[in-house]
file coords_0.pdb (PDB, C-alpha atoms)
ATOM      1  CA  MET A 370      38.513 259.465 156.250
ATOM      2  CA  VAL A 371      40.825 258.224 153.525
ATOM      3  CA  ASP A 372      44.119 256.629 154.416
ATOM      4  CA  ALA A 373      47.307 258.112 153.033
ATOM      5  CA  PRO A 374      48.785 255.990 150.246
ATOM      6  CA  ASP A 375      51.583 254.630 152.418
ATOM      7  CA  VAL A 376      49.335 253.720 155.310
ATOM      8  CA  HIS A 377      47.793 250.274 155.614
ATOM      9  CA  ARG A 378      45.503 248.870 158.232
ATOM     10  CA  HIS A 379      47.484 246.834 160.726
ATOM     11  CA  GLU A 380      47.648 243.134 160.074
ATOM     12  CA  PRO A 381      49.767 240.971 162.366
ATOM     13  CA  SER A 382      52.780 239.866 160.346
ATOM     14  CA  ALA A 383      53.592 236.756 162.348
ATOM     15  CA  ARG A 384      50.527 234.592 161.848
ATOM     16  CA  TYR A 385      51.904 231.343 163.257
ATOM     17  CA  THR A 386      50.488 229.431 160.324
ATOM     18  CA  ASP A 387      53.790 227.838 159.369
ATOM     19  CA  PRO A 388      53.631 224.067 158.967
ATOM     20  CA  ILE A 389      54.627 222.110 162.065
ATOM     21  CA  THR A 390      57.400 220.442 160.080
ATOM     22  CA  ARG A 391      59.163 223.795 159.765
ATOM     23  CA  TYR A 392      59.107 224.257 163.543
ATOM     24  CA  LEU A 393      60.365 220.713 164.026
ATOM     25  CA  ILE A 394      63.220 221.224 161.557
ATOM     26  CA  ILE A 395      64.314 224.419 163.323
ATOM     27  CA  TYR A 396      63.977 222.673 166.699
ATOM     28  CA  PHE A 397      66.186 219.788 165.592
ATOM     29  CA  CYS A 398      68.716 222.173 164.043
ATOM     30  CA  ILE A 399      69.034 224.054 167.337
ATOM     31  CA  LEU A 400      69.203 220.780 169.234
ATOM     32  CA  VAL A 401      72.014 219.508 166.987
ATOM     33  CA  LEU A 402      73.898 222.798 167.337
ATOM     34  CA  ALA A 403      73.539 222.614 171.129
ATOM     35  CA  GLU A 404      74.825 219.039 170.996
ATOM     36  CA  LEU A 405      77.780 220.271 168.946
ATOM     37  CA  GLN A 406      78.679 222.667 171.759
ATOM     38  CA  PHE A 407      78.827 219.721 174.148
ATOM     39  CA  VAL A 408      81.061 217.833 171.705
ATOM     40  CA  ILE A 409      83.380 220.840 171.424
ATOM     41  CA  ALA A 410      83.574 221.002 175.220
ATOM     42  CA  PHE A 411      85.202 217.563 175.231
ATOM     43  CA  SER A 412      87.467 218.135 172.218
ATOM     44  CA  HIS A 413      91.210 218.453 172.684
ATOM     45  CA  VAL A 414      91.666 222.057 171.630
ATOM     46  CA  ASP A 415      92.719 225.045 173.688
ATOM     47  CA  ASN A 416      90.138 227.007 175.620
ATOM     48  CA  GLU A 417      90.333 230.021 173.310
ATOM     49  CA  SER A 418      89.413 227.936 170.269
ATOM     50  CA  LYS A 419      86.641 226.268 172.232
ATOM     51  CA  PHE A 420      85.265 229.664 173.210
ATOM     52  CA  GLU A 421      85.329 230.954 169.623
ATOM     53  CA  ARG A 422      83.593 227.868 168.252
ATOM     54  CA  MET A 423      80.984 227.812 170.986
ATOM     55  CA  LEU A 424      80.286 231.510 170.501
ATOM     56  CA  LEU A 425      79.784 231.065 166.759
ATOM     57  CA  ILE A 426      77.410 228.157 167.358
ATOM     58  CA  ALA A 427      75.505 230.104 170.038
ATOM     59  CA  ILE A 428      75.080 233.000 167.588
ATOM     60  CA  ALA A 429      73.766 230.586 164.950
ATOM     61  CA  GLU A 430      71.330 229.084 167.475
ATOM     62  CA  ALA A 431      70.194 232.540 168.554
ATOM     63  CA  GLY A 432      69.694 233.541 164.916
ATOM     64  CA  LEU A 433      67.490 230.526 164.236
ATOM     65  CA  ALA A 434      65.490 231.071 167.423
ATOM     66  CA  LEU A 435      65.048 234.790 166.722
ATOM     67  CA  LEU A 436      64.067 234.438 163.091
ATOM     68  CA  PHE A 437      61.810 231.399 163.226
ATOM     69  CA  PHE A 438      60.748 230.692 166.830
ATOM     70  CA  MET A 439      60.233 234.362 167.640
ATOM     71  CA  HIS A 440      58.992 235.002 164.103
ATOM     72  CA  LEU A 441      61.212 238.005 163.499
ATOM     73  CA  TRP A 442      61.555 236.831 159.908
ATOM     74  CA  ALA A 443      57.807 237.291 159.412
ATOM     75  CA  GLU A 444      57.818 240.865 160.719
ATOM     76  CA  LYS A 445      58.519 243.899 158.590
ATOM     77  CA  ARG A 446      62.141 244.124 157.492
ATOM     78  CA  GLY A 447      62.457 247.519 159.167
ATOM     79  CA  PHE A 448      61.558 245.974 162.509
ATOM     80  CA  LEU A 449      63.994 243.108 161.972
ATOM     81  CA  PHE A 450      66.798 245.573 161.258
ATOM     82  CA  PHE A 451      65.777 247.704 164.228
ATOM     83  CA  VAL A 452      66.033 244.760 166.619
ATOM     84  CA  VAL A 453      69.219 243.301 165.152
ATOM     85  CA  VAL A 454      71.125 246.566 164.650
ATOM     86  CA  PHE A 455      70.072 248.146 167.941
ATOM     87  CA  THR A 456      70.776 245.030 170.022
ATOM     88  CA  GLY A 457      73.954 244.290 168.085
ATOM     89  CA  PHE A 458      75.284 247.780 168.692
ATOM     90  CA  VAL A 459      74.641 247.560 172.434
ATOM     91  CA  LEU A 460      76.259 244.138 172.681
ATOM     92  CA  VAL A 461      79.298 245.119 170.631
ATOM     93  CA  ALA A 462      79.749 248.396 172.520
ATOM     94  CA  MET A 463      79.833 246.362 175.716
ATOM     95  CA  GLN A 464      83.075 244.673 174.669
ATOM     96  CA  TYR A 465      85.295 247.727 175.104
ATOM     97  CA  GLY A 466      86.783 246.583 178.416
ATOM     98  CA  TRP A 467      88.373 243.301 177.365
ATOM     99  CA  THR A 468      91.883 244.663 177.119
ATOM    100  CA  ASP A 469      91.677 245.584 180.780
ATOM    101  CA  SER A 470      90.979 241.968 181.718
ATOM    102  CA  TYR A 471      94.380 241.035 180.251
ATOM    103  CA  ARG A 472      95.981 243.630 182.514
ATOM    104  CA  MET A 473      94.445 241.771 185.434
ATOM    105  CA  GLU A 474      96.466 238.669 184.555
ATOM    106  CA  LEU A 475      99.597 240.378 185.838
ATOM    107  CA  GLY A 476      98.289 241.123 189.274
ATOM    108  CA  ALA A 477      95.051 242.602 190.431
ATOM    109  CA  PRO A 478      92.649 241.960 193.291
ATOM    110  CA  TYR A 479      91.540 238.317 193.543
ATOM    111  CA  THR A 480      94.102 237.045 191.037
ATOM    112  CA  GLN A 481      97.443 235.331 191.222
ATOM    113  CA  PRO A 482     100.113 235.950 188.561
ATOM    114  CA  LYS A 483     100.340 233.177 185.990
ATOM    115  CA  VAL A 484     103.213 230.773 186.447
ATOM    116  CA  GLY A 485     106.033 231.732 184.121
ATOM    117  CA  VAL A 486     104.651 235.214 183.401
ATOM    118  CA  VAL A 487     107.028 237.985 184.376
ATOM    119  CA  PRO A 488     105.186 241.017 185.791
ATOM    120  CA  GLN A 489     106.026 244.284 184.053
TER     121      GLN A 489
ATOM    122  CA  MET B 539      37.974 252.019 176.276
ATOM    123  CA  SER B 540      39.057 249.933 173.336
ATOM    124  CA  GLN B 541      42.408 250.180 171.628
ATOM    125  CA  ALA B 542      40.693 251.710 168.592
ATOM    126  CA  ASP B 543      39.539 254.610 170.756
ATOM    127  CA  LEU B 544      43.084 255.310 171.785
ATOM    128  CA  THR B 545      44.623 255.376 168.313
ATOM    129  CA  MET B 546      44.642 258.493 166.187
ATOM    130  CA  GLU B 547      42.809 258.506 162.911
ATOM    131  CA  ALA B 548      44.779 258.438 159.701
ATOM    132  CA  HIS B 549      45.354 261.845 158.219
ATOM    133  CA  PRO B 550      45.233 262.302 154.452
ATOM    134  CA  SER B 551      48.684 263.869 154.603
ATOM    135  CA  GLY B 552      50.066 260.697 156.124
ATOM    136  CA  LEU B 553      51.867 262.673 158.807
ATOM    137  CA  THR B 554      49.721 261.576 161.735
ATOM    138  CA  THR B 555      48.440 258.118 161.207
ATOM    139  CA  GLY B 556      48.224 256.518 164.631
ATOM    140  CA  MET B 557      49.834 253.406 163.162
ATOM    141  CA  PRO B 558      52.199 251.610 165.534
ATOM    142  CA  PRO B 559      55.879 251.693 164.567
ATOM    143  CA  PHE B 560      56.731 248.955 162.032
ATOM    144  CA  SER B 561      53.056 247.904 162.253
ATOM    145  CA  VAL B 562      53.924 245.993 165.421
ATOM    146  CA  PRO B 563      51.139 246.129 168.038
ATOM    147  CA  ALA B 564      51.938 248.033 171.229
ATOM    148  CA  LYS B 565      52.132 244.986 173.520
ATOM    149  CA  LYS B 566      54.408 243.134 171.150
ATOM    150  CA  MET B 567      56.632 246.185 170.730
ATOM    151  CA  ALA B 568      56.798 246.543 174.518
ATOM    152  CA  ILE B 569      57.937 242.948 175.009
ATOM    153  CA  TRP B 570      60.512 243.321 172.225
ATOM    154  CA  LEU B 571      61.922 246.429 173.886
ATOM    155  CA  PHE B 572      61.993 244.543 177.189
ATOM    156  CA  ILE B 573      63.786 241.642 175.491
ATOM    157  CA  ILE B 574      66.396 244.004 174.028
ATOM    158  CA  ALA B 575      66.967 245.582 177.448
ATOM    159  CA  ASP B 576      67.103 242.202 179.157
ATOM    160  CA  ALA B 577      69.500 240.892 176.531
ATOM    161  CA  ALA B 578      71.797 243.777 177.439
ATOM    162  CA  THR B 579      71.477 242.831 181.128
ATOM    163  CA  PHE B 580      72.418 239.207 180.538
ATOM    164  CA  ALA B 581      75.163 240.224 178.114
ATOM    165  CA  ALA B 582      76.604 242.550 180.763
ATOM    166  CA  CYS B 583      76.595 239.671 183.266
ATOM    167  CA  LEU B 584      78.307 237.334 180.799
ATOM    168  CA  VAL B 585      80.873 239.970 179.821
ATOM    169  CA  ALA B 586      81.637 240.641 183.485
ATOM    170  CA  TYR B 587      81.954 236.886 184.021
ATOM    171  CA  GLY B 588      84.314 236.589 181.038
ATOM    172  CA  PHE B 589      86.307 239.546 182.314
ATOM    173  CA  LEU B 590      86.834 237.884 185.701
ATOM    174  CA  ARG B 591      87.547 234.505 184.150
ATOM    175  CA  ASN B 592      90.085 235.962 181.758
ATOM    176  CA  GLY B 593      91.785 237.829 184.568
ATOM    177  CA  SER B 594      91.985 234.808 186.882
ATOM    178  CA  PRO B 595      94.579 232.230 185.827
ATOM    179  CA  ASN B 596      93.392 229.631 188.322
ATOM    180  CA  TRP B 597      89.714 229.814 187.464
ATOM    181  CA  PRO B 598      87.942 226.721 188.855
ATOM    182  CA  ARG B 599      86.652 223.921 186.644
ATOM    183  CA  PRO B 600      84.290 222.155 189.012
ATOM    184  CA  PHE B 601      81.845 220.488 186.618
ATOM    185  CA  HIS B 602      82.432 216.756 186.211
ATOM    186  CA  SER B 603      79.204 215.757 184.521
ATOM    187  CA  ILE B 604      77.122 217.322 181.779
ATOM    188  CA  THR B 605      74.098 215.089 182.325
ATOM    189  CA  ASN B 606      72.127 217.612 184.345
ATOM    190  CA  VAL B 607      72.915 220.613 182.181
ATOM    191  CA  SER B 608      72.244 218.747 178.927
ATOM    192  CA  LEU B 609      68.895 217.580 180.305
ATOM    193  CA  MET B 610      68.073 221.159 181.307
ATOM    194  CA  THR B 611      68.979 222.391 177.823
ATOM    195  CA  PHE B 612      66.846 219.723 176.189
ATOM    196  CA  ILE B 613      63.865 220.559 178.410
ATOM    197  CA  LEU B 614      64.096 224.290 177.778
ATOM    198  CA  LEU B 615      64.468 223.846 174.017
ATOM    199  CA  THR B 616      61.548 221.434 173.927
ATOM    200  CA  SER B 617      59.429 223.815 175.978
ATOM    201  CA  SER B 618      60.009 226.458 173.299
ATOM    202  CA  LEU B 619      58.647 224.050 170.719
ATOM    203  CA  THR B 620      55.597 223.158 172.817
ATOM    204  CA  MET B 621      54.897 226.856 173.353
ATOM    205  CA  LEU B 622      55.063 227.462 169.612
ATOM    206  CA  LEU B 623      52.466 224.749 169.157
ATOM    207  CA  GLY B 624      50.386 226.466 171.838
ATOM    208  CA  VAL B 625      50.380 229.821 170.032
ATOM    209  CA  ARG B 626      49.731 228.073 166.754
ATOM    210  CA  ALA B 627      46.661 226.430 168.303
ATOM    211  CA  ALA B 628      45.573 229.763 169.804
ATOM    212  CA  LYS B 629      45.858 231.539 166.452
ATOM    213  CA  ALA B 630      43.780 228.745 164.922
ATOM    214  CA  GLY B 631      41.105 229.266 167.595
ATOM    215  CA  ASP B 632      41.755 225.998 169.443
ATOM    216  CA  LYS B 633      41.465 227.265 173.012
ATOM    217  CA  SER B 634      41.787 223.991 174.869
ATOM    218  CA  GLY B 635      44.731 222.922 172.711
ATOM    219  CA  ALA B 636      46.495 226.224 173.296
ATOM    220  CA  PHE B 637      45.898 225.982 177.037
ATOM    221  CA  ARG B 638      47.148 222.391 177.117
ATOM    222  CA  TRP B 639      50.382 223.262 175.294
ATOM    223  CA  THR B 640      50.874 226.301 177.511
ATOM    224  CA  MET B 641      50.569 224.185 180.651
ATOM    225  CA  ILE B 642      52.945 221.573 179.207
ATOM    226  CA  THR B 643      55.421 224.393 178.639
ATOM    227  CA  ALA B 644      54.956 225.650 182.190
ATOM    228  CA  GLY B 645      55.554 222.077 183.381
ATOM    229  CA  GLY B 646      58.790 222.028 181.410
ATOM    230  CA  GLY B 647      59.766 225.297 183.055
ATOM    231  CA  ILE B 648      59.102 223.850 186.514
ATOM    232  CA  LEU B 649      61.153 220.754 185.684
ATOM    233  CA  PHE B 650      63.973 222.986 184.441
ATOM    234  CA  ALA B 651      63.880 225.013 187.668
ATOM    235  CA  LEU B 652      63.963 221.858 189.791
ATOM    236  CA  LEU B 653      66.977 220.512 187.904
ATOM    237  CA  HIS B 654      68.599 223.905 188.271
ATOM    238  CA  ILE B 655      68.084 223.848 192.031
ATOM    239  CA  ARG B 656      69.451 220.291 192.158
ATOM    240  CA  GLU B 657      72.573 221.542 190.370
ATOM    241  CA  TRP B 658      72.912 224.353 192.875
ATOM    242  CA  MET B 659      72.439 222.064 195.860
ATOM    243  CA  ALA B 660      75.162 219.742 194.586
ATOM    244  CA  LEU B 661      77.594 222.666 194.293
ATOM    245  CA  ILE B 662      76.608 224.053 197.677
ATOM    246  CA  GLY B 663      77.150 220.557 199.081
ATOM    247  CA  GLU B 664      80.698 220.666 197.732
ATOM    248  CA  GLY B 665      81.307 223.850 199.707
ATOM    249  CA  MET B 666      80.555 226.514 197.117
ATOM    250  CA  THR B 667      78.797 229.679 198.236
ATOM    251  CA  MET B 668      78.483 233.194 196.836
ATOM    252  CA  PHE B 669      81.865 234.244 198.237
ATOM    253  CA  HIS B 670      83.710 231.013 198.841
ATOM    254  CA  ASN B 671      84.581 227.848 197.019
ATOM    255  CA  PRO B 672      87.126 225.151 197.632
ATOM    256  CA  TRP B 673      88.732 225.405 194.186
ATOM    257  CA  GLY B 674      90.076 228.936 193.769
ATOM    258  CA  PRO B 675      88.920 232.516 193.172
ATOM    259  CA  PRO B 676      85.911 233.239 195.394
ATOM    260  CA  LEU B 677      84.365 235.329 192.627
ATOM    261  CA  PHE B 678      83.587 232.135 190.748
ATOM    262  CA  GLY B 679      80.704 231.443 193.122
ATOM    263  CA  ALA B 680      79.464 235.012 192.961
ATOM    264  CA  SER B 681      79.444 235.124 189.173
ATOM    265  CA  PHE B 682      78.045 231.609 188.755
ATOM    266  CA  PHE B 683      75.176 232.104 191.176
ATOM    267  CA  SER B 684      74.456 235.597 189.828
ATOM    268  CA  ILE B 685      74.150 234.548 186.202
ATOM    269  CA  THR B 686      72.339 231.271 186.724
ATOM    270  CA  GLY B 687      70.248 232.815 189.510
ATOM    271  CA  LEU B 688      69.147 235.668 187.277
ATOM    272  CA  HIS B 689      68.158 233.174 184.626
ATOM    273  CA  LEU B 690      66.352 230.996 187.154
ATOM    274  CA  LEU B 691      64.492 234.057 188.390
ATOM    275  CA  HIS B 692      63.419 234.806 184.834
ATOM    276  CA  VAL B 693      62.289 231.207 184.300
ATOM    277  CA  THR B 694      60.277 231.300 187.529
ATOM    278  CA  GLY B 695      58.646 234.548 186.417
ATOM    279  CA  GLY B 696      58.023 233.026 183.005
ATOM    280  CA  VAL B 697      56.305 229.972 184.478
ATOM    281  CA  ILE B 698      54.032 232.215 186.585
ATOM    282  CA  ALA B 699      53.290 234.354 183.522
ATOM    283  CA  LEU B 700      52.481 231.276 181.423
ATOM    284  CA  VAL B 701      50.067 229.919 184.022
ATOM    285  CA  VAL B 702      48.357 233.284 184.572
ATOM    286  CA  VAL B 703      48.096 234.173 180.884
ATOM    287  CA  GLY B 704      47.085 230.608 179.993
ATOM    288  CA  LEU B 705      44.243 230.620 182.535
ATOM    289  CA  ARG B 706      43.050 234.061 181.515
ATOM    290  CA  TYR B 707      43.209 233.054 177.881
ATOM    291  CA  LEU B 708      41.074 229.999 178.652
ATOM    292  CA  ARG B 709      38.520 232.193 180.457
ATOM    293  CA  GLY B 710      38.388 234.610 177.538
ATOM    294  CA  ARG B 711      40.023 237.587 179.233
ATOM    295  CA  TYR B 712      43.132 237.378 177.055
ATOM    296  CA  ASN B 713      43.418 236.566 173.387
ATOM    297  CA  ALA B 714      45.945 234.774 171.176
ATOM    298  CA  ASP B 715      48.008 237.965 170.789
ATOM    299  CA  ASP B 716      48.499 238.122 174.562
ATOM    300  CA  LEU B 717      49.661 234.526 174.537
ATOM    301  CA  GLU B 718      52.075 235.359 171.715
ATOM    302  CA  VAL B 719      53.615 238.164 173.769
ATOM    303  CA  THR B 720      54.259 235.773 176.671
ATOM    304  CA  VAL B 721      55.726 233.247 174.274
ATOM    305  CA  LEU B 722      58.257 235.762 172.953
ATOM    306  CA  TYR B 723      59.513 236.166 176.502
ATOM    307  CA  TRP B 724      59.738 232.392 176.929
ATOM    308  CA  HIS B 725      61.767 231.999 173.726
ATOM    309  CA  PHE B 726      64.087 234.718 174.964
ATOM    310  CA  LEU B 727      64.854 232.665 178.095
ATOM    311  CA  ASP B 728      65.748 229.776 175.839
ATOM    312  CA  LEU B 729      68.009 232.043 173.826
ATOM    313  CA  VAL B 730      69.844 233.318 176.893
ATOM    314  CA  TRP B 731      70.384 229.767 178.111
ATOM    315  CA  LEU B 732      72.014 228.845 174.794
ATOM    316  CA  PHE B 733      74.709 231.425 175.557
ATOM    317  CA  GLY B 734      74.927 230.683 179.269
ATOM    318  CA  VAL B 735      75.528 226.934 178.970
ATOM    319  CA  PRO B 736      78.743 227.041 176.925
ATOM    320  CA  PHE B 737      80.317 229.906 178.826
ATOM    321  CA  VAL B 738      79.306 229.092 182.383
ATOM    322  CA  TYR B 739      79.234 225.289 182.264
ATOM    323  CA  LEU B 740      80.990 223.820 179.240
ATOM    324  CA  LEU B 741      84.128 225.961 179.440
ATOM    325  CA  ASN B 742      84.459 224.978 183.099
ATOM    326  CA  LEU B 743      84.386 221.216 182.731
ATOM    327  CA  ALA B 744      86.917 219.387 184.860
ATOM    328  CA  GLN B 745      89.713 218.141 182.621
TER     329      GLN B 745
END

call {"tool": "encode", "arguments": {"input": "coords_0.pdb", "output": "structure tokens"}}
result
Amino acid sequence: MVDAPDVHRHEPSARYTDPITRYLIIYFCILVLAELQFVIAFSHVDNESKFERMLLIAIAEAGLALLFFMHLWAEKRGFLFFVVVFTGFVLVAMQYGWTDSYRMELGAPYTQPKVGVVPQ
Amino acid sequence: MSQADLTMEAHPSGLTTGMPPFSVPAKKMAIWLFIIADAATFAACLVAYGFLRNGSPNWPRPFHSITNVSLMTFILLTSSLTMLLGVRAAKAGDKSGAFRWTMITAGGGILFALLHIREWMALIGEGMTMFHNPWGPPLFGASFFSITGLHLLHVTGGVIALVVVGLRYLRGRYNADDLEVTVLYWHFLDLVWLFGVPFVYLLNLAQ
């Protein structure tokens, strides 16, 4: 039976034939980024800035690990977009409740009002 | 019954081809879907943790040293590299090399788990439990042990999976693709840890 023109026999995309040096470079990049998070932890900036910087670095680390350690870059682009868009949507949609956590600052179970903050 | 028997033949119209979605084999697709679902689970835990932390002005900062956690991070990252070398060897047909790297990775996982337990024991020794701690909101213990415990559970499962798949690969029951599927899961644990460390440990360092 003849295959349709857009159908190809399956070949694994991620062949794991990359040179070891590439893996080592990615490994050291992630290691340096992780080290940077530790440096930020001891820097004299407010906690919010620390959180933002650490989050950005963690996303960069995750990107490197996903693309090169997990070989997502070697898969079909459609699959890459499926994983990134689908996961991204779920993770972003999960953030809807943050405003409510600020409400908790002014008195809710298990919390004490912040010093100097006047409850509404 | 082989996998070929289970797939549908290609139709000249191209409508029914039996090709896996995105040309990703079924096992690999299954582990990717599991990873996506598990990522949502860990993200939900971290969001809940952030929610509680944000809503608690006197959130505890009990961590004085980063030695243990930095060592754990280094071990887990290195184990990802050794596992990559294992799959690379497997794809090249080097069975003993692949098995050796897989066992080295499992050893790294065991070391990570032991350091993790040491960290826990130190905190428990300071009086921290699931619903009590000497520093402030009791939910700190609950959220800390839940998140790190879930990760530790995953690592323990991953170590068992590595040993089982590695042995079966060596005996010829599994092939390099099966090893690759296990490796994807192992990398995912690494990835989760990279988010867990800054939020659970580094933002709670004692000033």

call {"tool": "atom_distance", "arguments": {"input": "coords_0.pdb", "atom1": "CA of Met666 (chain B)", "atom2": "CA of Leu732 (chain B)"}}
result
24.0 Å

call {"tool": "resolve_selection", "arguments": {"input": "coords_0.pdb", "expression": "the PyMOL selection byres ((chain B and resi 701) around 12)", "output": "list in words"}}
result
Ala636, Phe637, Arg638, Trp639, Thr640, Met641, Ile642, Thr643, Ala644, Gly645, Gly647, Ile648, Thr694, Gly695, Gly696, Val697, Ile698, Ala699, Leu700, Val702, Val703, Gly704, Leu705, Arg706, Tyr707, Leu708, Leu717, Thr720 and Val721 of chain B

call {"tool": "residues_near_point", "arguments": {"input": "coords_0.pdb", "point": "(66.7, 248.1, 167.4)", "cutoff": "12 Å", "atoms": "all atoms listed in the file", "output": "VMD selection string"}}
result
(chain A and resid 446 to 460) or (chain B and resid 559 to 560 567 570 to 575 577)

call {"tool": "closest_residue", "arguments": {"input": "coords_0.pdb", "among": "B:Leu722, B:Leu727, B:Leu584, B:Leu741", "to": "Ile685 (chain B)", "atoms": "all atoms listed in the file"}}
result
B:Leu584

call {"tool": "atom_distance", "arguments": {"input": "coords_0.pdb", "atom1": "CA of Gly466 (chain A)", "atom2": "CA of Asn742 (chain B)"}}
result
22.2 Å

call {"tool": "resolve_selection", "arguments": {"input": "coords_0.pdb", "expression": "the ChimeraX specification (/A :<7) & /B", "output": "VMD selection string"}}
result
chain B and resid 548 to 552 560 to 561 574 578 581 589 592 to 595 619 626 629 675 722 725 729 732 to 733 736 740 to 741

call {"tool": "atom_distance", "arguments": {"input": "coords_0.pdb", "atom1": "CA of Leu590 (chain B)", "atom2": "CA of Ala680 (chain B)"}}
result
10.7 Å

call {"tool": "residues_around", "arguments": {"input": "coords_0.pdb", "residues": "His602 (chain B)", "least_positions_apart": "5", "cutoff": "10 Å", "atoms": "only C-alpha atoms", "output": "PyMOL selection string"}}
result
chain B and resi 739+742-745

call {"tool": "axis_aligned_box", "arguments": {"input": "coords_0.pdb", "around": "region 666-677 of chain B", "padding_each_side": "5 Å", "output": "lines of an AutoDock Vina configuration file"}}
result
center_x = 84.3
center_y = 230.2
center_z = 195.7
size_x = 21.6
size_y = 20.2
size_z = 16.2

call {"tool": "closest_residue", "arguments": {"input": "coords_0.pdb", "among": "B:Gly665, B:Gly710, B:Gly646, B:Gly674", "to": "Asp728 (chain B)", "atoms": "all atoms listed in the file"}}
result
B:Gly646

call {"tool": "closest_residue", "arguments": {"input": "coords_0.pdb", "among": "B:Met621, B:Met610, B:Ala630, B:Val585", "to": "Val719 (chain B)", "atoms": "all atoms listed in the file"}}
result
B:Met621

call {"tool": "build_atoms", "arguments": {"input": "coords_0.pdb", "residues": "region 555-569 of chain B", "atoms": "N, CA and C atoms", "output": "short mmCIF file (atom, residue, chain, number, x, y, z; two decimals), in the frame of the given file"}}
result
data_model
loop_
_atom_site.label_atom_id
_atom_site.label_comp_id
_atom_site.auth_asym_id
_atom_site.auth_seq_id
_atom_site.Cartn_x
_atom_site.Cartn_y
_atom_site.Cartn_z
N THR B 555 49.25 259.26 161.62
CA THR B 555 48.44 258.12 161.21
C THR B 555 47.95 257.28 162.37
N GLY B 556 48.62 257.36 163.52
CA GLY B 556 48.22 256.52 164.63
C GLY B 556 48.65 255.08 164.47
N MET B 557 49.36 254.77 163.38
CA MET B 557 49.83 253.41 163.16
C MET B 557 51.00 253.12 164.10
N PRO B 558 51.05 251.92 164.68
CA PRO B 558 52.20 251.61 165.53
C PRO B 558 53.47 251.51 164.70
N PRO B 559 54.63 251.78 165.31
CA PRO B 559 55.88 251.69 164.57
C PRO B 559 56.07 250.30 163.98
N PHE B 560 56.49 250.22 162.75
CA PHE B 560 56.73 248.96 162.03
C PHE B 560 55.48 248.07 161.99
N SER B 561 54.32 248.66 162.21
CA SER B 561 53.06 247.90 162.25
C SER B 561 53.06 246.81 163.31
N VAL B 562 53.89 246.98 164.33
CA VAL B 562 53.92 245.99 165.42
C VAL B 562 53.00 246.51 166.53
N PRO B 563 52.05 245.68 166.97
CA PRO B 563 51.14 246.13 168.04
C PRO B 563 51.90 246.55 169.30
N ALA B 564 51.26 247.42 170.08
CA ALA B 564 51.94 248.03 171.23
C ALA B 564 52.49 247.00 172.22
N LYS B 565 51.68 245.98 172.53
CA LYS B 565 52.13 244.99 173.52
C LYS B 565 53.35 244.22 173.01
N LYS B 566 53.29 243.88 171.73
CA LYS B 566 54.41 243.13 171.15
C LYS B 566 55.67 244.00 171.11
N MET B 567 55.49 245.26 170.76
CA MET B 567 56.63 246.18 170.73
C MET B 567 57.22 246.32 172.14
N ALA B 568 56.33 246.40 173.14
CA ALA B 568 56.80 246.54 174.52
C ALA B 568 57.64 245.34 174.95
N ILE B 569 57.18 244.13 174.60
CA ILE B 569 57.94 242.95 175.01
C ILE B 569 59.26 242.86 174.23
#
